[in-house]
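K.L.:
One file is attached below, structure_18.txt, containing compact mmCIF, C-alpha atoms.
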```txt
# COMPACT_ATOMS: atom_id res chain seq x y z
CA MET A 112 -79.06 50.99 -79.99
CA ALA A 113 -77.01 52.80 -77.39
CA SER A 114 -80.06 54.07 -75.55
CA ARG A 115 -81.63 50.64 -75.51
CA THR A 116 -78.51 49.08 -74.02
CA LEU A 117 -78.03 51.62 -71.24
CA THR A 118 -81.62 51.43 -70.04
CA PRO A 119 -81.40 47.89 -68.59
CA LEU A 120 -78.08 48.77 -66.92
CA ARG A 121 -79.57 51.79 -65.24
CA THR A 122 -82.49 49.74 -64.02
CA THR A 123 -80.22 47.13 -62.53
CA SER A 124 -78.06 49.74 -60.74
CA ARG A 125 -81.14 51.28 -59.22
CA ARG A 126 -82.24 47.93 -57.86
CA LEU A 127 -78.88 47.37 -56.27
CA CYS A 128 -78.93 50.74 -54.58
CA GLN A 129 -82.42 50.15 -53.24
CA SER A 130 -81.65 46.59 -51.85
CA PRO A 131 -81.64 46.35 -47.98
CA LYS A 132 -78.26 46.15 -46.23
CA PRO A 133 -77.59 43.08 -44.00
CA GLN A 134 -77.71 43.65 -40.26
CA CYS A 135 -74.69 41.49 -39.43
CA TRP A 136 -72.13 39.21 -40.98
CA SER A 137 -74.19 36.15 -40.19
CA GLN A 138 -76.90 37.33 -42.58
CA LEU A 139 -74.51 37.47 -45.50
CA PRO A 140 -75.15 34.82 -48.14
CA CYS A 141 -72.74 31.91 -47.92
CA ARG A 142 -71.25 30.21 -50.86
CA THR A 143 -70.10 26.64 -50.95
CA LEU A 144 -67.12 25.88 -53.11
CA VAL A 145 -67.37 22.58 -54.84
CA SER A 146 -64.45 21.21 -56.76
CA ALA A 147 -65.38 20.29 -60.20
CA SER A 148 -62.28 18.19 -60.78
CA LYS A 149 -62.28 14.49 -60.10
CA ALA A 150 -60.32 12.89 -57.24
CA LYS A 151 -56.96 11.64 -58.37
CA GLN A 152 -56.46 7.92 -57.99
CA TYR A 153 -53.14 6.64 -56.51
CA ALA A 154 -51.83 3.14 -56.90
CA GLN A 155 -51.98 1.09 -53.69
CA PRO A 156 -48.85 -0.98 -52.81
CA SER A 157 -49.23 -4.71 -52.84
CA THR A 158 -48.95 -6.97 -49.75
CA ALA A 159 -45.58 -8.38 -50.88
CA THR A 160 -44.17 -4.88 -51.27
CA ARG A 161 -45.33 -3.96 -47.75
CA ALA A 162 -43.71 -7.10 -46.25
CA ALA A 163 -40.43 -6.41 -48.03
CA ALA A 164 -40.42 -2.83 -46.79
CA ALA A 165 -41.14 -3.95 -43.22
CA SER A 166 -38.35 -6.53 -43.30
CA THR A 167 -35.95 -3.90 -44.64
CA THR A 168 -36.86 -1.51 -41.85
CA THR A 169 -36.64 -3.96 -38.97
CA ALA A 170 -33.56 -5.90 -40.13
CA PRO A 171 -30.48 -4.92 -38.10
CA LYS A 172 -27.56 -3.38 -39.88
CA THR A 173 -24.69 -5.75 -40.26
CA THR A 174 -21.16 -4.45 -39.84
CA PRO A 175 -17.96 -6.22 -40.79
CA SER A 176 -16.68 -8.34 -37.92
CA GLN A 177 -13.74 -6.89 -35.99
CA PRO A 178 -11.11 -8.93 -34.15
CA PRO A 179 -11.69 -8.96 -30.38
CA THR A 180 -9.43 -6.62 -28.47
CA PRO A 181 -7.22 -8.32 -25.88
CA SER A 182 -8.36 -7.69 -22.32
CA LYS A 183 -6.02 -5.56 -20.25
CA PRO A 184 -4.87 -6.95 -16.91
CA THR A 185 -6.55 -5.28 -13.99
CA THR A 186 -4.15 -3.25 -11.92
CA ILE A 187 -4.82 -1.89 -8.48
CA PRO A 188 -4.27 1.91 -8.47
CA ARG A 189 -1.53 3.01 -6.13
CA LYS A 190 -2.50 5.38 -3.39
CA PRO A 191 -0.67 8.72 -3.56
CA VAL A 192 1.50 9.49 -0.59
CA PRO A 193 -0.05 12.47 1.21
CA ALA A 194 2.03 15.27 2.66
CA VAL A 195 3.48 15.01 6.14
CA SER A 196 0.90 16.14 8.65
CA GLY A 197 3.25 17.50 11.32
CA THR A 198 0.90 16.29 14.07
CA PRO A 199 2.13 13.76 16.67
CA LEU A 200 0.45 10.39 16.26
CA PRO A 201 -0.53 7.87 18.94
CA ASP A 202 1.36 4.64 19.43
CA ALA A 203 0.49 1.78 17.13
CA PRO A 204 -1.55 -1.18 18.40
CA SER A 205 0.25 -4.38 19.26
CA GLN A 206 1.20 -6.36 16.16
CA PRO A 207 3.07 -9.65 15.73
CA ALA A 208 6.76 -9.23 15.04
CA PRO A 209 7.62 -9.63 11.32
CA SER A 210 9.90 -12.48 10.37
CA ILE A 211 13.54 -11.70 9.73
CA LEU A 212 13.30 -13.56 6.44
CA SER A 213 10.56 -11.27 5.14
CA PRO A 214 11.14 -7.80 6.55
CA SER A 215 9.03 -6.04 3.93
CA LEU A 216 6.10 -4.08 5.33
CA GLY A 217 2.71 -3.18 3.96
CA ASP A 218 1.11 0.25 3.68
CA SER A 219 -0.73 -0.29 6.98
CA ASP A 220 2.58 -0.39 8.86
CA LEU A 221 3.58 3.00 7.46
CA THR A 222 0.42 4.82 8.53
CA SER A 223 -1.23 5.44 11.87
CA THR A 224 -4.50 3.95 13.07
CA ASN A 225 -6.49 6.77 11.43
CA GLY A 226 -4.77 6.34 8.05
CA ALA A 227 -2.64 9.50 8.21
CA PRO A 228 1.07 9.36 7.33
CA ILE A 229 3.52 9.08 10.20
CA ASP A 230 5.52 12.20 10.98
CA TRP A 231 8.84 10.80 12.19
CA THR A 232 10.02 14.24 13.30
CA GLN A 233 7.67 13.93 16.30
CA SER A 234 5.99 10.52 16.37
CA TYR A 235 6.81 7.56 18.62
CA HIS A 236 4.77 5.17 16.49
CA GLY A 237 5.30 1.49 17.40
CA LEU A 238 7.53 2.11 20.41
CA GLY A 239 7.71 -1.05 22.54
CA THR A 240 4.75 -2.76 20.82
CA SER A 241 6.45 -6.14 20.29
CA ALA A 242 9.87 -7.79 20.26
CA PHE A 243 11.85 -8.42 17.10
CA ALA A 244 12.28 -11.91 15.72
CA PRO A 245 14.68 -14.19 17.65
CA GLU A 246 16.99 -14.38 14.64
CA ALA A 247 17.33 -10.60 14.54
CA ALA A 248 17.80 -10.39 18.31
CA ALA A 249 20.65 -12.93 18.15
CA ILE A 250 22.48 -10.80 15.58
CA LEU A 251 21.97 -7.59 17.55
CA GLN A 252 23.18 -9.02 20.85
CA ALA A 253 26.07 -11.08 19.50
CA PRO A 254 29.36 -10.59 21.44
CA LEU A 255 31.89 -8.25 19.83
CA ASP A 256 35.02 -9.51 18.18
CA PRO A 257 38.03 -7.89 19.94
CA ASP A 258 39.60 -7.25 16.54
CA ASP A 259 36.71 -4.88 15.68
CA ILE A 260 37.23 -2.62 18.70
CA GLU A 261 39.39 0.48 18.33
CA VAL A 262 41.22 2.52 21.01
CA LYS A 263 41.46 6.32 21.02
CA PRO A 264 44.66 8.05 22.24
CA ASP A 265 42.85 9.08 25.45
CA GLY A 266 42.01 5.44 26.27
CA ILE A 267 38.35 5.36 25.15
CA ILE A 268 37.38 2.20 23.26
CA TYR A 269 34.76 2.34 20.50
CA LEU A 270 33.29 0.46 17.55
CA PRO A 271 33.53 2.21 14.15
CA GLU A 272 30.15 3.44 12.96
CA ILE A 273 30.34 1.44 9.72
CA LYS A 274 30.20 -1.75 11.80
CA TYR A 275 26.99 -0.59 13.46
CA ARG A 276 25.49 -0.26 9.99
CA ARG A 277 26.67 -3.75 9.05
CA ILE A 278 25.03 -5.23 12.13
CA LEU A 279 21.73 -3.46 11.37
CA ASN A 280 21.85 -4.63 7.74
CA ALA A 281 22.52 -8.20 8.86
CA ALA A 282 19.58 -8.14 11.29
CA PHE A 283 16.94 -6.25 9.28
CA GLY A 284 18.30 -6.04 5.75
CA PRO A 285 19.29 -2.94 3.77
CA GLY A 286 16.30 -0.59 3.75
CA GLY A 287 14.72 -2.18 6.82
CA TRP A 288 15.92 0.62 9.07
CA GLY A 289 16.71 4.32 8.87
CA LEU A 290 17.58 7.51 10.74
CA ALA A 291 14.92 10.23 10.82
CA PRO A 292 16.00 13.77 11.76
CA ARG A 293 14.10 15.16 14.75
CA GLY A 294 15.12 18.77 14.30
CA GLN A 295 17.38 21.19 12.45
CA LEU A 296 21.16 21.06 12.46
CA THR A 297 22.46 23.28 15.24
CA VAL A 298 25.81 24.91 14.43
CA HIS A 299 27.78 26.27 17.34
CA GLU A 300 31.15 27.99 17.26
CA LYS A 301 33.16 24.77 16.88
CA LEU A 302 30.47 22.10 17.25
CA VAL A 303 27.42 20.85 15.35
CA THR A 304 24.58 18.85 16.93
CA ARG A 305 21.36 17.29 15.70
CA GLU A 306 18.80 14.87 17.08
CA TYR A 307 17.88 11.68 15.19
CA ALA A 308 15.38 8.85 15.64
CA LEU A 309 16.19 5.25 14.72
CA VAL A 310 13.24 3.68 12.87
CA VAL A 311 13.29 -0.09 12.25
CA GLN A 312 10.65 -1.81 10.08
CA GLY A 313 8.25 1.11 10.43
CA ARG A 314 8.62 1.35 14.22
CA PHE A 315 10.25 3.95 16.40
CA VAL A 316 13.14 2.35 18.34
CA ALA A 317 15.32 5.07 19.88
CA GLN A 318 16.44 8.66 19.53
CA ALA A 319 19.69 10.43 20.42
CA ARG A 320 21.50 13.69 19.78
CA GLY A 321 24.70 13.39 17.80
CA GLU A 322 27.58 15.85 17.92
CA GLN A 323 30.77 16.51 15.98
CA GLN A 324 33.51 19.13 16.17
CA TYR A 325 34.76 21.19 13.23
CA PHE A 326 37.63 23.65 12.82
CA SER A 327 36.56 25.81 9.84
CA GLU A 328 33.37 26.75 8.03
CA GLU A 329 34.33 24.52 5.11
CA GLY A 330 34.13 21.50 7.42
CA VAL A 331 30.54 22.01 8.59
CA SER A 332 29.07 19.57 6.03
CA THR A 333 31.58 16.87 6.97
CA ALA A 334 30.88 17.51 10.64
CA ALA A 335 27.13 17.13 9.96
CA GLU A 336 27.75 13.66 8.55
CA GLY A 337 29.85 12.75 11.57
CA CYS A 338 27.06 14.04 13.80
CA LYS A 339 24.62 11.61 12.14
CA SER A 340 27.01 8.68 12.67
CA ASN A 341 27.45 9.63 16.31
CA ALA A 342 23.68 9.66 16.82
CA LEU A 343 23.41 6.22 15.17
CA MET A 344 25.93 4.70 17.58
CA ARG A 345 24.05 6.13 20.55
CA CYS A 346 20.69 4.88 19.28
CA CYS A 347 22.03 1.36 18.80
CA LYS A 348 22.54 1.03 22.55
CA ASP A 349 18.78 0.50 22.91
CA LEU A 350 19.02 -2.50 20.57
CA GLY A 351 21.87 -4.02 22.57
CA ILE A 352 24.49 -3.53 19.86
CA ALA A 353 28.03 -3.31 21.30
CA SER A 354 26.67 -3.04 24.83
CA GLU A 355 30.05 -4.26 26.16
CA LEU A 356 31.59 -0.89 25.36
CA TRP A 357 29.62 0.63 28.28
CA ASP A 358 30.46 -2.18 30.70
CA PRO A 359 33.31 -1.06 33.06
CA ARG A 360 34.50 -4.62 33.73
CA PHE A 361 34.72 -5.38 30.02
CA ILE A 362 36.60 -2.13 29.41
CA ARG A 363 39.22 -2.87 32.06
CA LYS A 364 39.71 -6.42 30.82
CA PHE A 365 40.01 -5.34 27.20
CA MET A 366 42.52 -2.58 27.99
CA LYS A 367 44.65 -5.01 29.99
CA GLU A 368 44.70 -7.65 27.25
CA HIS A 369 44.68 -5.61 24.03
CA ALA A 370 45.93 -2.06 24.78
CA VAL A 371 49.13 -0.39 25.95
CA GLN A 372 50.33 3.09 26.85
CA GLN A 373 53.18 4.61 24.86
CA TRP A 374 55.30 7.76 25.21
CA VAL A 375 55.19 9.78 22.00
CA GLU A 376 56.32 13.17 20.73
CA HIS A 377 54.24 15.52 18.64
CA VAL A 378 55.98 16.11 15.31
CA THR A 379 55.12 19.84 15.11
CA THR A 380 55.03 21.04 18.70
CA LYS A 381 57.69 18.62 20.00
CA LYS A 382 55.57 18.02 23.08
CA ARG A 383 55.72 14.64 24.75
CA LYS A 384 52.86 12.74 26.30
CA GLN A 385 51.48 9.27 26.84
CA ILE A 386 48.81 7.86 24.53
CA TRP A 387 46.85 4.62 24.41
CA LEU A 388 46.87 2.32 21.40
CA ARG A 389 46.26 -1.30 20.59
CA LYS A 390 49.16 -3.67 21.11
CA ASP A 391 49.04 -4.68 17.46
CA ASP A 392 49.02 -1.03 16.25
CA GLU A 393 51.89 1.37 15.55
CA VAL A 394 52.29 5.04 16.46
CA ARG A 395 50.86 7.17 13.67
CA TYR A 396 51.15 10.78 12.56
CA PRO A 397 51.21 13.40 14.08
CA PHE A 398 53.05 11.47 16.79
CA LYS A 399 56.27 9.56 16.74
CA LYS A 400 57.60 7.04 19.20
CA THR A 401 60.26 8.20 21.68
```
Could you express the structure from this file as structure tokens?

P.N.:
Amino acid sequence: MASRTLTPLRTTSRRLCQSPKPQCWSQLPCRTLVSASKAKQYAQPSTATRAAAASTTTAPKTTPSQPPTPSKPTTIPRKPVPAVSGTPLPDAPSQPAPSILSPSLGDSDLTSTNGAPIDWTQSYHGLGTSAFAPEAAAILQAPLDPDDIEVKPDGIIYLPEIKYRRILNAAFGPGGWGLAPRGQLTVHEKLVTREYALVVQGRFVAQARGEQQYFSEEGVSTAAEGCKSNALMRCCKDLGIASELWDPRFIRKFMKEHAVQQWVEHVTTKKRKQIWLRKDDEVRYPFKKT
């Protein structure tokens, strides 16, 4: 039985060895795989199911209603004030004089024609562009009350600086004017000086150099304040304030009617001399009447 079984196997192996080899891959026999299993059937959705799915997809999502937020009032952003340029600016164009009843100014009056900030240490912005309101001019040029005028011991008459400030406040209002320094404080051996510019309603009006004496280093700060007041009084001449004090005829008339010379003695040095004072004043320290 074994020999009979091996004989067909040997014959088959010989045939395989003697079969011709293919010349290329295209000559190889191709096999087609065919699935023997049946196609699986799936259930088709109905038309109503498709419509429900479409409505679910396209329907917008509803969210719980929220209370409307109150609208915020629109505010105009304020422009930041740029740094001082340090460059002299040209004079401002002619503008109508603001009313004395409304001396407030807009941002355009505080800047030059090109929009840059005004450097009051050098600028002459607004000089002589227009006259002030008639109401302000009447206050500035009002005649002085003789009771407001003071007399120095050397015979010089003057108006206290606080009264210059009151006149400016009455004409332009507090904050409608100011003194701008035009340089550094110069300290000499016994004297301090500094130049100031008088600015009224955003316009350059006048400038003057003030001065004040001092006797010790501790008094320099007080002398600097006196220097500012002295410059204010000199600047006010251009506005016509207390112009009588520079009129020789007025000075002679006032001294004749309201002043008198008096012999006095210095309390410490015992020196005697004549001083001027108002007729309604008394001799004060360090002098005494002789």

K.L.:
Can you tell me how far atom CA of Ala334 of chain A sits from atom CA of Val303 of chain A, in Å to one decimal?

P.N.:
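Atom CA of Val303 of chain A lies at a distance of 6.7 Å from atom CA of Ala334 of chain A.
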
K.L.:
Give me, please, the distance in Å between atom CA of Thr401 of chain A and atom CA of Thr380 of chain A, quoted to one decimal.

P.N.:
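So the answer is 14.2 Å.
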
K.L.:
At a cut-off of 12 Å, can you tabulate as JSON lines every residue of segment 288-369 of chain A near segment 253-260 of chain A together with its closest atom pair and the distance in Å to one decimal, using only C-alpha atoms and ordering rows by chain then number?

P.N.:
```
{"residue": "A:Leu350", "atom": "CA", "partner": "A:Ala253", "partner_atom": "CA", "distance": 11.2}
{"residue": "A:Gly351", "atom": "CA", "partner": "A:Ala253", "partner_atom": "CA", "distance": 8.8}
{"residue": "A:Ile352", "atom": "CA", "partner": "A:Ala253", "partner_atom": "CA", "distance": 7.7}
{"residue": "A:Ala353", "atom": "CA", "partner": "A:Leu255", "partner_atom": "CA", "distance": 6.4}
{"residue": "A:Ser354", "atom": "CA", "partner": "A:Pro254", "partner_atom": "CA", "distance": 8.7}
{"residue": "A:Glu355", "atom": "CA", "partner": "A:Leu255", "partner_atom": "CA", "distance": 7.7}
{"residue": "A:Leu356", "atom": "CA", "partner": "A:Ile260", "partner_atom": "CA", "distance": 8.9}
{"residue": "A:Phe361", "atom": "CA", "partner": "A:Pro257", "partner_atom": "CA", "distance": 10.9}
{"residue": "A:Ile362", "atom": "CA", "partner": "A:Ile260", "partner_atom": "CA", "distance": 10.7}
{"residue": "A:Lys364", "atom": "CA", "partner": "A:Pro257", "partner_atom": "CA", "distance": 11.1}
{"residue": "A:Phe365", "atom": "CA", "partner": "A:Pro257", "partner_atom": "CA", "distance": 7.9}
{"residue": "A:Met366", "atom": "CA", "partner": "A:Pro257", "partner_atom": "CA", "distance": 10.6}
{"residue": "A:Glu368", "atom": "CA", "partner": "A:Pro257", "partner_atom": "CA", "distance": 9.9}
{"residue": "A:His369", "atom": "CA", "partner": "A:Pro257", "partner_atom": "CA", "distance": 8.1}
```

K.L.:
Report, in Å with one decimal, the straight-line distance from atom CA of Val375 of chain A to atom CA of Val394 of chain A.

P.N.:
7.8 Å

K.L.:
May I have the residues within 9 Å of segment 293-301 of chain A as a list of chain:residue names, using only C-alpha atoms and disregarding those fewer than 6 positions away in the same chain?

P.N.:
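What passes the distance filter is A:Trp231, A:Thr232, A:Gln233, A:Tyr307, A:Ala308, A:Gln318, A:Gln323, A:Gln324, A:Tyr325, A:Phe326, A:Ser327, A:Val331, A:Ala335.
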
K.L.:
Select, from A:Glu272, A:Arg314, A:Lys390, A:Phe283, the residue with the minimum atom-to-atom distance to Ile229 of chain A, counting only C-alpha atoms.

P.N.:
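The shortest atom-to-atom distance to Ile229 of chain A comes from A:Arg314.
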
K.L.:
From the set A:Thr333, A:Gln373, A:Gln312, A:Ser340, which residue has the shortest atom-to-atom contact distance to Gln385 of chain A, counting only C-alpha atoms?

P.N.:
A:Gln373

K.L.:
For each of A:Ala342, A:Ala248, A:Leu302, A:Ala227, take the minimum atom-to-atom distance to Gly289 of chain A, counting all atoms listed in the file, then give the residue where this is smallest.

P.N.:
A:Ala342
